[in-house]
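Text of data-v2.cif (mmCIF, C-alpha atoms; chains and numbers go by the auth columns) as supplied:
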```cif
data_target
loop_
_atom_site.group_PDB
_atom_site.id
_atom_site.type_symbol
_atom_site.label_atom_id
_atom_site.label_comp_id
_atom_site.label_asym_id
_atom_site.label_seq_id
_atom_site.Cartn_x
_atom_site.Cartn_y
_atom_site.Cartn_z
_atom_site.B_iso_or_equiv
_atom_site.auth_seq_id
_atom_site.auth_asym_id
ATOM 1 C CA MET A 1 95.114 101.315 99.313 0.00 1 N
ATOM 2 C CA ASP A 2 94.359 104.216 101.590 0.00 2 N
ATOM 3 C CA ALA A 3 91.581 106.403 100.171 0.00 3 N
ATOM 4 C CA ALA A 4 93.756 109.393 100.981 0.00 4 N
ATOM 5 C CA ASP A 5 96.430 108.100 98.575 0.00 5 N
ATOM 6 C CA SER A 6 94.041 107.523 95.678 0.00 6 N
ATOM 7 C CA ARG A 7 94.616 109.405 92.447 0.00 7 N
ATOM 8 C CA LEU A 8 90.936 109.095 91.544 0.00 8 N
ATOM 9 C CA ARG A 9 87.516 110.279 92.653 0.00 9 N
ATOM 10 C CA ILE A 10 85.123 107.388 92.287 0.00 10 N
ATOM 11 C CA LYS A 11 81.336 107.367 92.516 0.00 11 N
ATOM 12 C CA ASP A 12 78.601 104.919 91.634 0.00 12 N
ATOM 13 C CA GLU A 13 75.707 105.999 89.462 0.00 13 N
ATOM 14 C CA ASP A 14 73.086 103.220 89.322 0.00 14 N
ATOM 15 C CA GLY A 15 75.708 100.509 89.047 0.00 15 N
ATOM 16 C CA ILE A 16 77.881 102.502 86.658 0.00 16 N
ATOM 17 C CA THR A 17 81.241 103.545 88.049 0.00 17 N
ATOM 18 C CA VAL A 18 82.265 107.113 87.271 0.00 18 N
ATOM 19 C CA VAL A 19 85.953 107.828 87.695 0.00 19 N
ATOM 20 C CA GLU A 20 87.514 111.286 87.727 0.00 20 N
ATOM 21 C CA PHE A 21 91.243 112.068 87.877 0.00 21 N
ATOM 22 C CA ILE A 22 92.530 114.110 90.780 0.00 22 N
ATOM 23 C CA ASP A 23 95.716 115.142 88.948 0.00 23 N
ATOM 24 C CA ARG A 24 95.647 117.838 86.285 0.00 24 N
ATOM 25 C CA ASN A 25 98.761 116.381 84.678 0.00 25 N
ATOM 26 C CA ILE A 26 98.770 112.631 84.045 0.00 26 N
ATOM 27 C CA LEU A 27 102.463 112.445 83.186 0.00 27 N
ATOM 28 C CA ASP A 28 104.228 110.819 86.083 0.00 28 N
ATOM 29 C CA GLU A 29 104.702 107.117 85.413 0.00 29 N
ATOM 30 C CA ALA A 30 104.329 106.066 89.027 0.00 30 N
ATOM 31 C CA ASN A 31 100.992 107.907 89.229 0.00 31 N
ATOM 32 C CA ILE A 32 99.902 106.430 85.915 0.00 32 N
ATOM 33 C CA GLN A 33 100.725 102.959 87.208 0.00 33 N
ATOM 34 C CA GLN A 34 98.701 103.635 90.336 0.00 34 N
ATOM 35 C CA ILE A 35 95.758 104.922 88.299 0.00 35 N
ATOM 36 C CA GLY A 36 95.870 101.770 86.184 0.00 36 N
ATOM 37 C CA ASP A 37 95.965 99.560 89.268 0.00 37 N
ATOM 38 C CA GLU A 38 93.054 101.390 90.885 0.00 38 N
ATOM 39 C CA ILE A 39 90.851 101.149 87.806 0.00 39 N
ATOM 40 C CA SER A 40 91.842 97.489 87.319 0.00 40 N
ATOM 41 C CA SER A 41 90.664 96.767 90.842 0.00 41 N
ATOM 42 C CA ILE A 42 87.316 98.376 90.069 0.00 42 N
ATOM 43 C CA ILE A 43 86.992 96.198 86.968 0.00 43 N
ATOM 44 C CA ASP A 44 87.908 93.071 88.955 0.00 44 N
ATOM 45 C CA GLU A 45 85.138 93.757 91.485 0.00 45 N
ATOM 46 C CA ARG A 46 82.368 93.759 88.876 0.00 46 N
ATOM 47 C CA ASP A 47 81.013 90.894 86.795 0.00 47 N
ATOM 48 C CA THR A 48 80.136 93.151 83.863 0.00 48 N
ATOM 49 C CA PRO A 49 81.883 96.434 84.609 0.00 49 N
ATOM 50 C CA ARG A 50 80.438 99.637 83.204 0.00 50 N
ATOM 51 C CA LEU A 51 82.820 102.527 83.590 0.00 51 N
ATOM 52 C CA VAL A 52 82.862 106.208 82.686 0.00 52 N
ATOM 53 C CA VAL A 53 86.277 107.836 82.905 0.00 53 N
ATOM 54 C CA SER A 54 86.019 111.605 83.074 0.00 54 N
ATOM 55 C CA PHE A 55 88.961 113.707 81.943 0.00 55 N
ATOM 56 C CA ALA A 56 87.352 116.871 83.319 0.00 56 N
ATOM 57 C CA ASN A 57 90.377 117.965 85.336 0.00 57 N
ATOM 58 C CA VAL A 58 93.072 116.766 82.939 0.00 58 N
ATOM 59 C CA GLU A 59 95.237 119.383 81.235 0.00 59 N
ATOM 60 C CA HIS A 60 98.194 117.250 80.169 0.00 60 N
ATOM 61 C CA LEU A 61 98.783 113.573 79.602 0.00 61 N
ATOM 62 C CA SER A 62 101.538 111.416 78.167 0.00 62 N
ATOM 63 C CA SER A 63 101.619 108.401 75.894 0.00 63 N
ATOM 64 C CA ALA A 64 102.070 106.273 79.012 0.00 64 N
ATOM 65 C CA ALA A 65 98.647 107.428 80.194 0.00 65 N
ATOM 66 C CA LEU A 66 97.188 106.489 76.821 0.00 66 N
ATOM 67 C CA GLY A 67 98.792 103.069 77.163 0.00 67 N
ATOM 68 C CA THR A 68 97.163 102.548 80.529 0.00 68 N
ATOM 69 C CA MET A 69 93.766 103.480 79.101 0.00 69 N
ATOM 70 C CA ILE A 70 94.305 100.945 76.293 0.00 70 N
ATOM 71 C CA THR A 71 95.113 98.241 78.823 0.00 71 N
ATOM 72 C CA ILE A 72 92.023 99.143 80.842 0.00 72 N
ATOM 73 C CA ASN A 73 89.905 99.049 77.691 0.00 73 N
ATOM 74 C CA SER A 74 91.177 95.564 76.848 0.00 74 N
ATOM 75 C CA LYS A 75 90.503 94.339 80.378 0.00 75 N
ATOM 76 C CA ILE A 76 86.937 95.647 80.393 0.00 76 N
ATOM 77 C CA ARG A 77 86.206 94.105 77.003 0.00 77 N
ATOM 78 C CA GLN A 78 87.466 90.732 78.226 0.00 78 N
ATOM 79 C CA LYS A 79 84.725 90.889 80.869 0.00 79 N
ATOM 80 C CA ASN A 80 82.108 92.003 78.310 0.00 80 N
ATOM 81 C CA GLY A 81 82.002 95.348 80.057 0.00 81 N
ATOM 82 C CA ASP A 82 81.722 98.851 78.659 0.00 82 N
ATOM 83 C CA LEU A 83 84.164 101.753 78.958 0.00 83 N
ATOM 84 C CA ARG A 84 83.307 105.321 78.002 0.00 84 N
ATOM 85 C CA LEU A 85 85.616 108.325 78.094 0.00 85 N
ATOM 86 C CA ALA A 86 84.171 111.784 78.637 0.00 86 N
ATOM 87 C CA ASP A 87 84.816 115.485 79.324 0.00 87 N
ATOM 88 C CA ILE A 88 87.979 115.550 77.256 0.00 88 N
ATOM 89 C CA ASP A 89 89.513 118.996 76.727 0.00 89 N
ATOM 90 C CA PRO A 90 89.991 119.814 72.997 0.00 90 N
ATOM 91 C CA GLN A 91 93.794 119.808 73.316 0.00 91 N
ATOM 92 C CA ILE A 92 93.731 116.372 74.932 0.00 92 N
ATOM 93 C CA TYR A 93 91.161 115.123 72.415 0.00 93 N
ATOM 94 C CA GLU A 94 93.544 116.148 69.642 0.00 94 N
ATOM 95 C CA VAL A 95 96.073 113.676 71.085 0.00 95 N
ATOM 96 C CA PHE A 96 93.460 110.925 70.740 0.00 96 N
ATOM 97 C CA VAL A 97 92.803 111.977 67.135 0.00 97 N
ATOM 98 C CA ILE A 98 96.489 112.182 66.183 0.00 98 N
ATOM 99 C CA THR A 99 97.126 108.712 67.595 0.00 99 N
ATOM 100 C CA LYS A 100 93.831 107.444 66.033 0.00 100 N
ATOM 101 C CA LEU A 101 92.792 106.269 69.499 0.00 101 N
ATOM 102 C CA ASN A 102 89.503 108.071 68.958 0.00 102 N
ATOM 103 C CA LYS A 103 88.707 105.010 66.815 0.00 103 N
ATOM 104 C CA LEU A 104 89.468 102.613 69.661 0.00 104 N
ATOM 105 C CA PHE A 105 87.605 104.311 72.491 0.00 105 N
ATOM 106 C CA ASN A 106 83.984 105.351 72.901 0.00 106 N
ATOM 107 C CA ILE A 107 84.327 109.059 73.654 0.00 107 N
ATOM 108 C CA HIS A 108 81.512 111.343 74.785 0.00 108 N
ATOM 109 C CA ASP A 109 81.324 115.107 75.184 0.00 109 N
ATOM 110 C CA SER A 110 80.145 114.754 78.774 0.00 110 N
ATOM 111 C CA SER A 111 79.904 112.236 81.579 0.00 111 N
ATOM 112 C CA GLN A 112 76.144 112.817 81.574 0.00 112 N
ATOM 113 C CA GLU A 113 75.899 111.761 77.953 0.00 113 N
ATOM 114 C CA ALA A 114 78.029 108.666 78.626 0.00 114 N
ATOM 115 C CA LEU A 115 75.842 107.712 81.581 0.00 115 N
ATOM 116 C CA GLU A 116 72.663 108.099 79.517 0.00 116 N
ATOM 117 C CA VAL A 117 74.076 105.748 76.892 0.00 117 N
ATOM 118 C CA LEU A 118 75.113 103.157 79.457 0.00 118 N
ATOM 119 C CA ARG A 119 71.742 103.321 81.241 0.00 119 N
ATOM 120 C CA ALA A 120 69.780 102.781 78.023 0.00 120 N
ATOM 121 C CA MET B 1 114.652 136.802 76.809 0.00 1 M
ATOM 122 C CA SER B 2 117.490 136.883 74.329 0.00 2 M
ATOM 123 C CA THR B 3 116.858 137.304 70.634 0.00 3 M
ATOM 124 C CA ASP B 4 120.286 135.940 69.655 0.00 4 M
ATOM 125 C CA PRO B 5 119.818 132.593 67.880 0.00 5 M
ATOM 126 C CA ASP B 6 123.215 131.520 69.211 0.00 6 M
ATOM 127 C CA THR B 7 122.203 132.089 72.811 0.00 7 M
ATOM 128 C CA PRO B 8 123.694 129.287 74.887 0.00 8 M
ATOM 129 C CA MET B 9 121.191 126.626 75.813 0.00 9 M
ATOM 130 C CA THR B 10 120.123 126.014 79.367 0.00 10 M
ATOM 131 C CA ARG B 11 121.308 122.556 80.362 0.00 11 M
ATOM 132 C CA ALA B 12 120.027 120.160 82.966 0.00 12 M
ATOM 133 C CA GLU B 13 120.911 116.628 83.963 0.00 13 M
ATOM 134 C CA VAL B 14 117.712 114.684 84.482 0.00 14 M
ATOM 135 C CA MET B 15 117.898 111.726 86.799 0.00 15 M
ATOM 136 C CA PRO B 16 115.500 108.811 86.238 0.00 16 M
ATOM 137 C CA ALA B 17 113.140 109.993 88.961 0.00 17 M
ATOM 138 C CA PRO B 18 109.634 111.439 88.519 0.00 18 M
ATOM 139 C CA ASN B 19 110.368 114.696 90.314 0.00 19 M
ATOM 140 C CA ALA B 20 113.552 115.335 88.341 0.00 20 M
ATOM 141 C CA LYS B 21 111.793 115.034 84.995 0.00 21 M
ATOM 142 C CA ARG B 22 108.880 117.171 86.104 0.00 22 M
ATOM 143 C CA GLU B 23 111.076 119.909 87.582 0.00 23 M
ATOM 144 C CA ALA B 24 113.189 120.166 84.449 0.00 24 M
ATOM 145 C CA ILE B 25 110.161 120.356 82.178 0.00 25 M
ATOM 146 C CA ASP B 26 108.493 122.883 84.482 0.00 26 M
ATOM 147 C CA ARG B 27 111.565 125.147 84.165 0.00 27 M
ATOM 148 C CA LEU B 28 111.424 124.980 80.382 0.00 28 M
ATOM 149 C CA VAL B 29 107.659 125.557 80.335 0.00 29 M
ATOM 150 C CA ALA B 30 108.004 128.533 82.695 0.00 30 M
ATOM 151 C CA GLU B 31 110.400 130.184 80.235 0.00 31 M
ATOM 152 C CA ALA B 32 108.038 129.534 77.341 0.00 32 M
ATOM 153 C CA GLU B 33 105.122 131.026 79.277 0.00 33 M
ATOM 154 C CA ALA B 34 107.224 134.049 80.259 0.00 34 M
ATOM 155 C CA ALA B 35 107.927 134.532 76.543 0.00 35 M
ATOM 156 C CA SER B 36 104.153 134.600 75.932 0.00 36 M
ATOM 157 C CA TYR B 37 104.012 131.415 73.936 0.00 37 M
ATOM 158 C CA PRO B 38 100.321 130.478 73.602 0.00 38 M
ATOM 159 C CA THR B 39 98.730 127.657 75.569 0.00 39 M
ATOM 160 C CA ALA B 40 98.732 125.348 72.581 0.00 40 M
ATOM 161 C CA ALA B 41 102.464 125.864 72.119 0.00 41 M
ATOM 162 C CA VAL B 42 103.197 125.148 75.763 0.00 42 M
ATOM 163 C CA PHE B 43 101.046 122.030 75.578 0.00 43 M
ATOM 164 C CA ALA B 44 102.919 120.836 72.496 0.00 44 M
ATOM 165 C CA VAL B 45 106.384 121.451 73.876 0.00 45 M
ATOM 166 C CA ARG B 46 105.582 119.933 77.283 0.00 46 M
ATOM 167 C CA LEU B 47 104.230 116.786 75.648 0.00 47 M
ATOM 168 C CA ALA B 48 107.113 116.377 73.196 0.00 48 M
ATOM 169 C CA VAL B 49 109.790 116.942 75.841 0.00 49 M
ATOM 170 C CA GLU B 50 108.010 114.551 78.228 0.00 50 M
ATOM 171 C CA GLU B 51 108.028 111.865 75.540 0.00 51 M
ATOM 172 C CA ALA B 52 111.654 112.496 74.555 0.00 52 M
ATOM 173 C CA LEU B 53 112.842 112.291 78.159 0.00 53 M
ATOM 174 C CA THR B 54 110.773 109.164 78.798 0.00 54 M
ATOM 175 C CA ASN B 55 112.309 107.490 75.755 0.00 55 M
ATOM 176 C CA ALA B 56 115.814 108.490 76.819 0.00 56 M
ATOM 177 C CA ILE B 57 115.355 107.316 80.402 0.00 57 M
ATOM 178 C CA ASN B 58 113.272 104.186 79.859 0.00 58 M
ATOM 179 C CA HIS B 59 114.871 102.941 76.658 0.00 59 M
ATOM 180 C CA GLY B 60 118.190 104.708 76.236 0.00 60 M
ATOM 181 C CA HIS B 61 119.163 104.220 79.864 0.00 61 M
ATOM 182 C CA ALA B 62 117.406 100.911 80.476 0.00 62 M
ATOM 183 C CA GLU B 63 120.829 99.455 81.372 0.00 63 M
ATOM 184 C CA LEU B 64 122.029 102.704 82.995 0.00 64 M
ATOM 185 C CA PRO B 65 119.423 103.235 85.723 0.00 65 M
ATOM 186 C CA ASP B 66 121.564 105.539 87.837 0.00 66 M
ATOM 187 C CA GLU B 67 122.788 107.826 85.090 0.00 67 M
ATOM 188 C CA PRO B 68 121.113 111.084 84.151 0.00 68 M
ATOM 189 C CA VAL B 69 120.075 112.007 80.647 0.00 69 M
ATOM 190 C CA GLU B 70 120.836 115.472 79.335 0.00 70 M
ATOM 191 C CA LEU B 71 118.216 118.062 78.557 0.00 71 M
ATOM 192 C CA ALA B 72 119.024 121.396 76.960 0.00 72 M
ATOM 193 C CA TRP B 73 116.733 124.148 75.806 0.00 73 M
ATOM 194 C CA ARG B 74 116.664 127.670 74.487 0.00 74 M
ATOM 195 C CA VAL B 75 113.551 129.861 74.333 0.00 75 M
ATOM 196 C CA LEU B 76 113.735 132.545 71.657 0.00 76 M
ATOM 197 C CA PRO B 77 111.039 134.946 70.485 0.00 77 M
ATOM 198 C CA ASP B 78 110.290 132.889 67.382 0.00 78 M
ATOM 199 C CA ARG B 79 111.160 129.353 68.405 0.00 79 M
ATOM 200 C CA ILE B 80 111.997 126.910 71.176 0.00 80 M
ATOM 201 C CA ASP B 81 114.969 124.587 70.698 0.00 81 M
ATOM 202 C CA VAL B 82 115.242 121.408 72.754 0.00 82 M
ATOM 203 C CA GLU B 83 117.878 118.684 72.850 0.00 83 M
ATOM 204 C CA VAL B 84 117.763 115.389 74.718 0.00 84 M
ATOM 205 C CA VAL B 85 120.850 113.173 74.889 0.00 85 M
ATOM 206 C CA ASP B 86 121.247 109.745 76.421 0.00 86 M
ATOM 207 C CA HIS B 87 124.280 107.485 76.722 0.00 87 M
ATOM 208 C CA GLY B 88 122.660 104.207 75.830 0.00 88 M
ATOM 209 C CA PRO B 89 123.175 101.952 72.812 0.00 89 M
ATOM 210 C CA GLY B 90 120.999 104.080 70.528 0.00 90 M
ATOM 211 C CA PHE B 91 118.142 103.005 68.296 0.00 91 M
ATOM 212 C CA ASP B 92 116.739 103.400 64.793 0.00 92 M
ATOM 213 C CA PRO B 93 114.085 106.128 64.976 0.00 93 M
ATOM 214 C CA ASP B 94 112.683 104.991 61.633 0.00 94 M
ATOM 215 C CA GLY B 95 112.394 101.384 62.746 0.00 95 M
ATOM 216 C CA SER B 96 109.395 101.758 65.030 0.00 96 M
ATOM 217 C CA PRO B 97 106.057 100.387 63.825 0.00 97 M
ATOM 218 C CA ASP B 98 103.321 102.887 62.994 0.00 98 M
ATOM 219 C CA PRO B 99 101.111 102.994 66.098 0.00 99 M
ATOM 220 C CA THR B 100 98.163 104.393 64.137 0.00 100 M
ATOM 221 C CA LEU B 101 97.708 101.260 62.032 0.00 101 M
ATOM 222 C CA ASP B 102 94.640 99.257 63.012 0.00 102 M
ATOM 223 C CA GLU B 103 96.759 96.251 63.974 0.00 103 M
ATOM 224 C CA ASN B 104 98.819 98.377 66.381 0.00 104 M
ATOM 225 C CA LEU B 105 96.078 100.475 67.976 0.00 105 M
ATOM 226 C CA GLU B 106 95.745 98.178 70.982 0.00 106 M
ATOM 227 C CA ASN B 107 99.476 98.145 71.668 0.00 107 M
ATOM 228 C CA PRO B 108 99.895 100.105 74.918 0.00 108 M
ATOM 229 C CA ALA B 109 103.341 101.392 73.924 0.00 109 M
ATOM 230 C CA GLY B 110 105.073 102.965 70.960 0.00 110 M
ATOM 231 C CA ARG B 111 103.461 106.402 70.600 0.00 111 M
ATOM 232 C CA GLY B 112 106.099 108.679 72.079 0.00 112 M
ATOM 233 C CA LEU B 113 108.123 109.312 68.943 0.00 113 M
ATOM 234 C CA MET B 114 104.994 109.818 66.892 0.00 114 M
ATOM 235 C CA LEU B 115 103.713 112.461 69.304 0.00 115 M
ATOM 236 C CA MET B 116 107.081 114.256 69.274 0.00 116 M
ATOM 237 C CA ARG B 117 106.913 114.455 65.467 0.00 117 M
ATOM 238 C CA ALA B 118 103.273 115.528 65.502 0.00 118 M
ATOM 239 C CA TYR B 119 103.691 118.376 67.970 0.00 119 M
ATOM 240 C CA MET B 120 107.143 119.791 67.206 0.00 120 M
ATOM 241 C CA THR B 121 107.964 121.640 63.995 0.00 121 M
ATOM 242 C CA SER B 122 111.081 119.536 63.496 0.00 122 M
ATOM 243 C CA VAL B 123 112.545 116.427 65.131 0.00 123 M
ATOM 244 C CA GLU B 124 116.015 115.237 64.186 0.00 124 M
ATOM 245 C CA HIS B 125 117.834 112.245 65.642 0.00 125 M
ATOM 246 C CA SER B 126 121.567 111.739 65.585 0.00 126 M
ATOM 247 C CA PRO B 127 122.774 108.841 63.380 0.00 127 M
ATOM 248 C CA THR B 128 123.033 106.567 66.420 0.00 128 M
ATOM 249 C CA GLY B 129 119.702 107.663 67.859 0.00 129 M
ATOM 250 C CA ASN B 130 121.205 108.767 71.185 0.00 130 M
ATOM 251 C CA ALA B 131 120.403 112.421 70.696 0.00 131 M
ATOM 252 C CA VAL B 132 117.333 114.216 69.465 0.00 132 M
ATOM 253 C CA LYS B 133 116.991 117.869 68.521 0.00 133 M
ATOM 254 C CA MET B 134 113.520 119.328 68.388 0.00 134 M
ATOM 255 C CA THR B 135 112.312 122.771 67.437 0.00 135 M
ATOM 256 C CA TYR B 136 108.963 124.417 67.923 0.00 136 M
ATOM 257 C CA TYR B 137 108.401 127.506 65.768 0.00 137 M
ATOM 258 C CA ARG B 138 105.969 130.029 67.179 0.00 138 M
ATOM 259 C CA PRO B 139 102.956 130.211 64.862 0.00 139 M
ATOM 260 C CA ARG B 140 102.663 133.499 63.021 0.00 140 M
ATOM 261 C CA GLU B 141 99.627 135.549 63.879 0.00 141 M
ATOM 262 C CA ILE B 142 97.365 136.168 60.920 0.00 142 M
ATOM 263 C CA ALA B 143 96.557 139.868 60.611 0.00 143 M
#
```
Could you take the file, read its structure, and then write that structure out as structure tokens?
Amino acid sequence: MDAADSRLRIKDEDGITVVEFIDRNILDEANIQQIGDEISSIIDERDTPRLVVSFANVEHLSSAALGTMITINSKIRQKNGDLRLADIDPQIYEVFVITKLNKLFNIHDSSQEALEVLRA
Amino acid sequence: MSTDPDTPMTRAEVMPAPNAKREAIDRLVAEAEAASYPTAAVFAVRLAVEEALTNAINHGHAELPDEPVELAWRVLPDRIDVEVVDHGPGFDPDGSPDPTLDENLENPAGRGLMLMRAYMTSVEHSPTGNAVKMTYYRPREIA
């Protein structure tokens, strides 16, 4: 995929991949599919993937986006990896609480906090 | 903005294309913002309408990929009314498994209806499940 077409900003922090969404609204199913494919590729490239997904720019998301995150979480666990979510706006976090997905995911207030946990 | 509760609803045909859904929802949201609905209200209505349209298009029109679903809305000072209608076979809105149960948490699908009910004040389906009426009542400000 052309870097220019990516829906993500990706950086490596000491072997931990930090992913940030470019889109403020993660609603469009085609974009959600692309996001899922991009993150899946990152997971495939690592033996024991450690991933922080930052929701810093996200203002709206749909249940389809939640579904993609669940699929990503399952994939990382199958490889004995570790997925952390971070920088979630209170309105978006409420969606995780209402759906009880805050029980499924490891969620941190900030990417920095998530990185510190993964580095430990 | 009209204050008449019988104000005709704005109607739009939403084709099963990403831009069509987004443009229709953006029009509705713009009216809600112009009526000074708070951010939380706009968030709630956008999410619920997104989920209702997705259900109608992906499930209701699974066998009707070239047909639009119908979206109608009315923004009043005290509430927002929304209707979504599809022409598919219908479904039982009470027949979906609870996605918040531990055994269902890792299911990637099945949360749309739950989010509609969580964020809108009322959600009513027609007997066949082809149509859904949702209402969001503006929260009263506490003096």
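Closest approach to chain M among N:Arg50, N:His108, N:Lys100, N:Arg84 is made by N:Lys100 (distances from all atoms listed in the file).
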Using the chain letters and numbers from this file, what does the PyMOL selection byres ((chain M and resi 18) around 12) select? Give the answer as a PyMOL selection string. (chain N and resi 26-32) or (chain M and resi 14-17+19-25+50+53-54+57-58)
Can those selected residues be exported to a file as a CSV table (one decimal), in the frame of the given file so that it contains C-alpha atoms?
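The new file part_19.csv reads:
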```
chain,number,residue,atom,x,y,z
N,26,ILE,CA,98.8,112.6,84.0
N,27,LEU,CA,102.5,112.4,83.2
N,28,ASP,CA,104.2,110.8,86.1
N,29,GLU,CA,104.7,107.1,85.4
N,30,ALA,CA,104.3,106.1,89.0
N,31,ASN,CA,101.0,107.9,89.2
N,32,ILE,CA,99.9,106.4,85.9
M,14,VAL,CA,117.7,114.7,84.5
M,15,MET,CA,117.9,111.7,86.8
M,16,PRO,CA,115.5,108.8,86.2
M,17,ALA,CA,113.1,110.0,89.0
M,19,ASN,CA,110.4,114.7,90.3
M,20,ALA,CA,113.6,115.3,88.3
M,21,LYS,CA,111.8,115.0,85.0
M,22,ARG,CA,108.9,117.2,86.1
M,23,GLU,CA,111.1,119.9,87.6
M,24,ALA,CA,113.2,120.2,84.4
M,25,ILE,CA,110.2,120.4,82.2
M,50,GLU,CA,108.0,114.6,78.2
M,53,LEU,CA,112.8,112.3,78.2
M,54,THR,CA,110.8,109.2,78.8
M,57,ILE,CA,115.4,107.3,80.4
M,58,ASN,CA,113.3,104.2,79.9
```
May I have the residues of chain M within 9 Å of chain N, counting only C-alpha atoms, written as a list in words? Pro18, Asn19, Lys21, Arg22, Ala40, Phe43, Arg46, Leu47, Ala48, Glu50, Glu51, Pro99, Thr100, Leu101, Asp102, Leu105, Glu106, Asn107, Pro108, Ala109, Gly110, Arg111, Gly112, Met114, Leu115 and Ala118 of chain M
Suppose a student applies the PyMOL selection byres ((chain M and resi 136) around 9) to this structure; what residues should they get, written as a PyMOL selection string? chain M and resi 41+44-45+78-82+119-122+134-135+137-139
Just how far from CA of Asn57 (chain N) is CA of Arg24 (chain N), in Å to one decimal? 5.4 Å
Run the PyMOL selection byres ((chain M and resi 62-66) around 10) on the file and write out the hits as a compact mmCIF listing (two decimals) with C-alpha atoms, in the coordinates of the input.
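Result written to selection_10.txt:
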```
# COMPACT_ATOMS: atom_id res chain seq x y z
CA MET M 15 117.90 111.73 86.80
CA PRO M 16 115.50 108.81 86.24
CA ALA M 17 113.14 109.99 88.96
CA ASN M 55 112.31 107.49 75.76
CA ALA M 56 115.81 108.49 76.82
CA ILE M 57 115.36 107.32 80.40
CA ASN M 58 113.27 104.19 79.86
CA HIS M 59 114.87 102.94 76.66
CA GLY M 60 118.19 104.71 76.24
CA HIS M 61 119.16 104.22 79.86
CA GLU M 67 122.79 107.83 85.09
CA PRO M 68 121.11 111.08 84.15
CA VAL M 69 120.08 112.01 80.65
CA ASP M 86 121.25 109.74 76.42
CA HIS M 87 124.28 107.48 76.72
CA GLY M 88 122.66 104.21 75.83
CA PRO M 89 123.18 101.95 72.81
```
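Considering only C-alpha atoms, the residue among N:Lys75, N:Ile107, N:Gln33, N:Leu85 positioned nearest to Thr17 (chain N) is N:Leu85.
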